[in-house]
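Each remark here refers to the structure printed beneath this line.
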Amino acid sequence: MWEYTDKVNDHFKNPRNVGAVENPDGDGLAGSLACGDALRLTFKLDEEGRICEAKFQTFGCASAIASSSALTEMLIGKTIEEAEKITNRDIINYLGELPKQKVHCSVMGREALEAAIYNYRTGKTLDRKIDGDVICHCFGVTDKEIEKVAREKNLTTAQEIEEYTKAGSGCGQCVPEIESILQRIAEEKKKQADPAPMTQLQKIRLIEEVIDRQVRPILRRDGGDLELHDVDGNRVFVKFQGACVSCPVSSVTLKDVVETQLREAVSQEIVVEAV
Ligand code: FES
C-alpha cells in the first residue's frame, strides 16, 4: 500500500472535473493504454483567454487520478502562457507529495497539458514520435527519453529513472541498459568537471564522435547534415549539407545544436563556425 497525503486521497476519492469538455479549445492525450496509464485532458477558454473549464479522463491508479484532478484545478483561471509553465513538480507540490514510485503520474499530467496546448495552438494532435531506440519494452521508453530526463532532473540511478518514466518497473530486463546509459552520462559529466588534458588528436576524434552520435541524427531528421571541416585549437569548422545549406535558421542550429552538444561533451571553450 502506498502512503498518500490527505490531499492525494481527497483528489482520488473525490476527483474534480472528471469527463471531457464539450467542444474543447485544447484536447491532449498522454501515456498509453498498453502501459496501463493514459490521460486525456480537455480545456476551454473564456473571452478573456483564461481557462474556464478543464476536465480529464484517465485510466490509471490513485496517483494518476489525483494528479489529473489536481492539474485541472490548477488550470482553471489561468491563461495559456501561465498554464504552460506548470511542471510535474508543481502538481506534486499542489498535492503535498507523491510516493517516488508514482512521480511518473505527475509527468503524465504535464505531458497531457503539453499535448492539449499544442492542440489549442495548431489544431493538430501532438504526435509523440518514437525518438531513439526503445529500451524499456514494457513501457515503450526510449534511450533518448531516459537520457533527457536523466540530464534535466539530474537523475543518477535506475530507481530514479523508474520514478519519472516507469521504465524498469515491469519485467526489469531493461535495468542494465538504463544503468549503462546513466554510467555514460556520469562519465561525460566527470570528464567535463575534471577534464584530463586531451591531445588535439583525441579532441578531434571526440568531436567526430559527438557529431556522428548526437548532432547528425537531429539534422538528418529534417533532411540536413554536416561534415567536420577542420579543428584549430577550440575552433571547430563545419560545413552544412543537404537541407541545412539553405535553411534560414542554420546559424541558430549551429549554436543551439552543434555548439551546445560539443561544449557539453568536449569542452566549454569550443566555438563552432560554418565554412
Ligand atoms: S523492459 Fe523495462 S520493465 Fe520490462
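In the C-alpha cells, chains take the letters A, B, ... in the order shown, each chain's residues start at 1, and ligands count up from 1 in the order shown.
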### Task
Pick out the residues no farther than 12 Å from ligand 1, counting only C-alpha atoms and all ligand atoms, and list them as number ranges by chain.
A: 35, 134-143, 146, 158-159, 161-162, 165-179
The selected residues should be written to file as a short mmCIF file (atom, residue, chain, number, x, y, z; two decimals), in the first residue's frame (atoms: N, CA, C and O atoms).
```cif
data_model
loop_
_atom_site.label_atom_id
_atom_site.label_comp_id
_atom_site.auth_asym_id
_atom_site.auth_seq_id
_atom_site.Cartn_x
_atom_site.Cartn_y
_atom_site.Cartn_z
N CYS A 35 0.47 0.66 -21.63
CA CYS A 35 1.23 0.72 -20.39
C CYS A 35 0.32 0.74 -19.17
O CYS A 35 0.79 0.75 -18.04
N VAL A 134 13.94 1.96 -28.41
CA VAL A 134 13.15 1.58 -27.23
C VAL A 134 14.02 0.70 -26.33
O VAL A 134 14.53 -0.34 -26.75
N ILE A 135 14.19 1.16 -25.11
CA ILE A 135 14.99 0.41 -24.13
C ILE A 135 14.06 -0.41 -23.24
O ILE A 135 14.29 -1.58 -23.00
N CYS A 136 12.99 0.24 -22.76
CA CYS A 136 12.04 -0.48 -21.92
C CYS A 136 10.84 -0.87 -22.77
O CYS A 136 10.01 -0.01 -23.11
N HIS A 137 10.77 -2.13 -23.12
CA HIS A 137 9.70 -2.58 -23.99
C HIS A 137 8.38 -2.71 -23.22
O HIS A 137 7.31 -2.67 -23.82
N CYS A 138 8.45 -2.87 -21.92
CA CYS A 138 7.19 -2.95 -21.15
C CYS A 138 6.43 -1.62 -21.21
O CYS A 138 5.21 -1.61 -21.25
N PHE A 139 7.17 -0.51 -21.20
CA PHE A 139 6.50 0.79 -21.15
C PHE A 139 6.86 1.71 -22.31
O PHE A 139 6.53 2.90 -22.29
N GLY A 140 7.53 1.16 -23.32
CA GLY A 140 7.83 1.94 -24.53
C GLY A 140 8.68 3.17 -24.28
O GLY A 140 8.42 4.23 -24.84
N VAL A 141 9.69 3.06 -23.43
CA VAL A 141 10.54 4.22 -23.13
C VAL A 141 11.86 4.08 -23.89
O VAL A 141 12.50 3.02 -23.86
N THR A 142 12.25 5.17 -24.59
CA THR A 142 13.45 5.10 -25.43
C THR A 142 14.70 5.58 -24.68
O THR A 142 14.60 6.24 -23.64
N ASP A 143 15.85 5.29 -25.29
CA ASP A 143 17.12 5.75 -24.71
C ASP A 143 17.16 7.27 -24.63
O ASP A 143 17.66 7.85 -23.67
N ILE A 146 15.18 8.53 -21.70
CA ILE A 146 15.90 8.26 -20.45
C ILE A 146 17.04 9.27 -20.28
O ILE A 146 17.22 9.86 -19.22
N ALA A 158 18.83 3.92 -11.60
CA ALA A 158 17.73 3.33 -12.36
C ALA A 158 16.41 3.51 -11.61
O ALA A 158 15.35 3.67 -12.22
N GLN A 159 16.50 3.50 -10.30
CA GLN A 159 15.29 3.69 -9.48
C GLN A 159 14.68 5.07 -9.75
O GLN A 159 13.46 5.21 -9.91
N ILE A 161 15.06 6.85 -12.47
CA ILE A 161 14.52 6.84 -13.84
C ILE A 161 13.14 6.20 -13.82
O ILE A 161 12.20 6.67 -14.47
N GLU A 162 12.99 5.15 -13.07
CA GLU A 162 11.69 4.46 -12.97
C GLU A 162 10.63 5.40 -12.40
O GLU A 162 9.49 5.43 -12.87
N THR A 165 9.74 7.80 -15.36
CA THR A 165 9.30 7.30 -16.68
C THR A 165 8.57 5.96 -16.62
O THR A 165 8.01 5.54 -17.63
N LYS A 166 8.63 5.27 -15.52
CA LYS A 166 8.12 3.90 -15.36
C LYS A 166 9.07 2.86 -15.95
O LYS A 166 8.88 1.67 -15.72
N ALA A 167 10.06 3.29 -16.73
CA ALA A 167 10.98 2.32 -17.34
C ALA A 167 11.64 1.48 -16.24
O ALA A 167 12.15 2.02 -15.27
N GLY A 168 11.59 0.20 -16.41
CA GLY A 168 12.24 -0.69 -15.44
C GLY A 168 11.29 -1.26 -14.40
O GLY A 168 11.65 -2.15 -13.65
N SER A 169 10.06 -0.74 -14.37
CA SER A 169 9.15 -1.18 -13.30
C SER A 169 8.30 -2.37 -13.70
O SER A 169 7.44 -2.80 -12.93
N GLY A 170 8.54 -2.91 -14.91
CA GLY A 170 7.79 -4.12 -15.30
C GLY A 170 8.65 -5.34 -15.07
O GLY A 170 8.94 -5.69 -13.93
N CYS A 171 9.11 -5.95 -16.16
CA CYS A 171 9.90 -7.18 -16.04
C CYS A 171 11.30 -6.91 -15.52
O CYS A 171 11.97 -7.81 -15.02
N GLY A 172 11.76 -5.68 -15.66
CA GLY A 172 13.08 -5.32 -15.13
C GLY A 172 14.24 -5.65 -16.07
O GLY A 172 15.39 -5.36 -15.76
N GLN A 173 13.94 -6.20 -17.23
CA GLN A 173 15.03 -6.62 -18.13
C GLN A 173 15.83 -5.43 -18.68
O GLN A 173 16.97 -5.59 -19.10
N CYS A 174 15.20 -4.26 -18.70
CA CYS A 174 15.87 -3.10 -19.27
C CYS A 174 16.80 -2.40 -18.28
O CYS A 174 17.54 -1.50 -18.66
N VAL A 175 16.75 -2.80 -17.02
CA VAL A 175 17.51 -2.06 -15.99
C VAL A 175 19.01 -2.00 -16.30
O VAL A 175 19.61 -0.92 -16.21
N PRO A 176 19.66 -3.11 -16.73
CA PRO A 176 21.10 -2.99 -17.05
C PRO A 176 21.36 -1.94 -18.14
O PRO A 176 22.34 -1.20 -18.05
N GLU A 177 20.49 -1.87 -19.13
CA GLU A 177 20.70 -0.88 -20.20
C GLU A 177 20.51 0.54 -19.66
O GLU A 177 21.22 1.46 -20.06
N ILE A 178 19.52 0.70 -18.79
CA ILE A 178 19.30 2.03 -18.18
C ILE A 178 20.55 2.41 -17.39
O ILE A 178 21.04 3.54 -17.47
N GLU A 179 21.08 1.44 -16.66
CA GLU A 179 22.28 1.74 -15.86
C GLU A 179 23.46 2.11 -16.74
O GLU A 179 24.25 2.98 -16.39
#
```
#### Entry: Nearby residues (only C-alpha atoms) at most 10 Å from range 96-109 of chain A, same-chain spacing under 4 positions excluded, as JSON, numbers by chain
{"A": [2, 3, 4, 5, 6, 7, 8, 29, 30, 31, 32, 37, 38, 39, 40, 41, 56, 60, 61, 62, 63, 64, 65, 66, 67, 68, 69, 70, 71, 72, 86, 87, 88, 89, 90, 91, 92, 113, 114, 115, 159, 160, 161, 162, 163, 164, 165, 166, 167, 169]}
### Task
Find the residues around range 121-124 of chain A up to 12 Å (only C-alpha atoms counted), leave out those fewer than 6 positions away in its own chain, and share them as a list in words.
Pro24, Asp25, Gly26, Asp27, Gly28, Leu29, Ile80, Glu81, Glu84, Glu114 and Ala115 of chain A
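As for CA of Arg151 in chain A and CA of Thr125 in chain A, they are spaced 27.2 Å apart.
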### Message
If DSSP is run on the backbone, what residues of range 25-273 of chain A are alpha helix (DSSP H)? A reply as a ChimeraX atom specification would be ideal.
### Response
/A:62-75,80-83,88-95,103-122,143-153,158-165,175-193,200-210,216-220,250-253,260-265
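Each of A:Arg263, A:Arg128, A:His229, A:Arg235 was checked against Val275 in chain A using only C-alpha atoms; the smallest atom-to-atom distance is that of A:His229.
CA of Asn9 in chain A lies 20.9 Å from CA of Ile76 in chain A.
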### Query
Between A:Ala186, A:Ile181, A:Cys247, A:Val258, which has the minimum distance to Val210 in chain A (counting only C-alpha atoms)?
A:Val258
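You can rank A:Leu226, A:Met74, A:Leu201, A:Leu155 by their closest distance to Gly242 in chain A using only C-alpha atoms, and at the top of that list sits A:Leu226.
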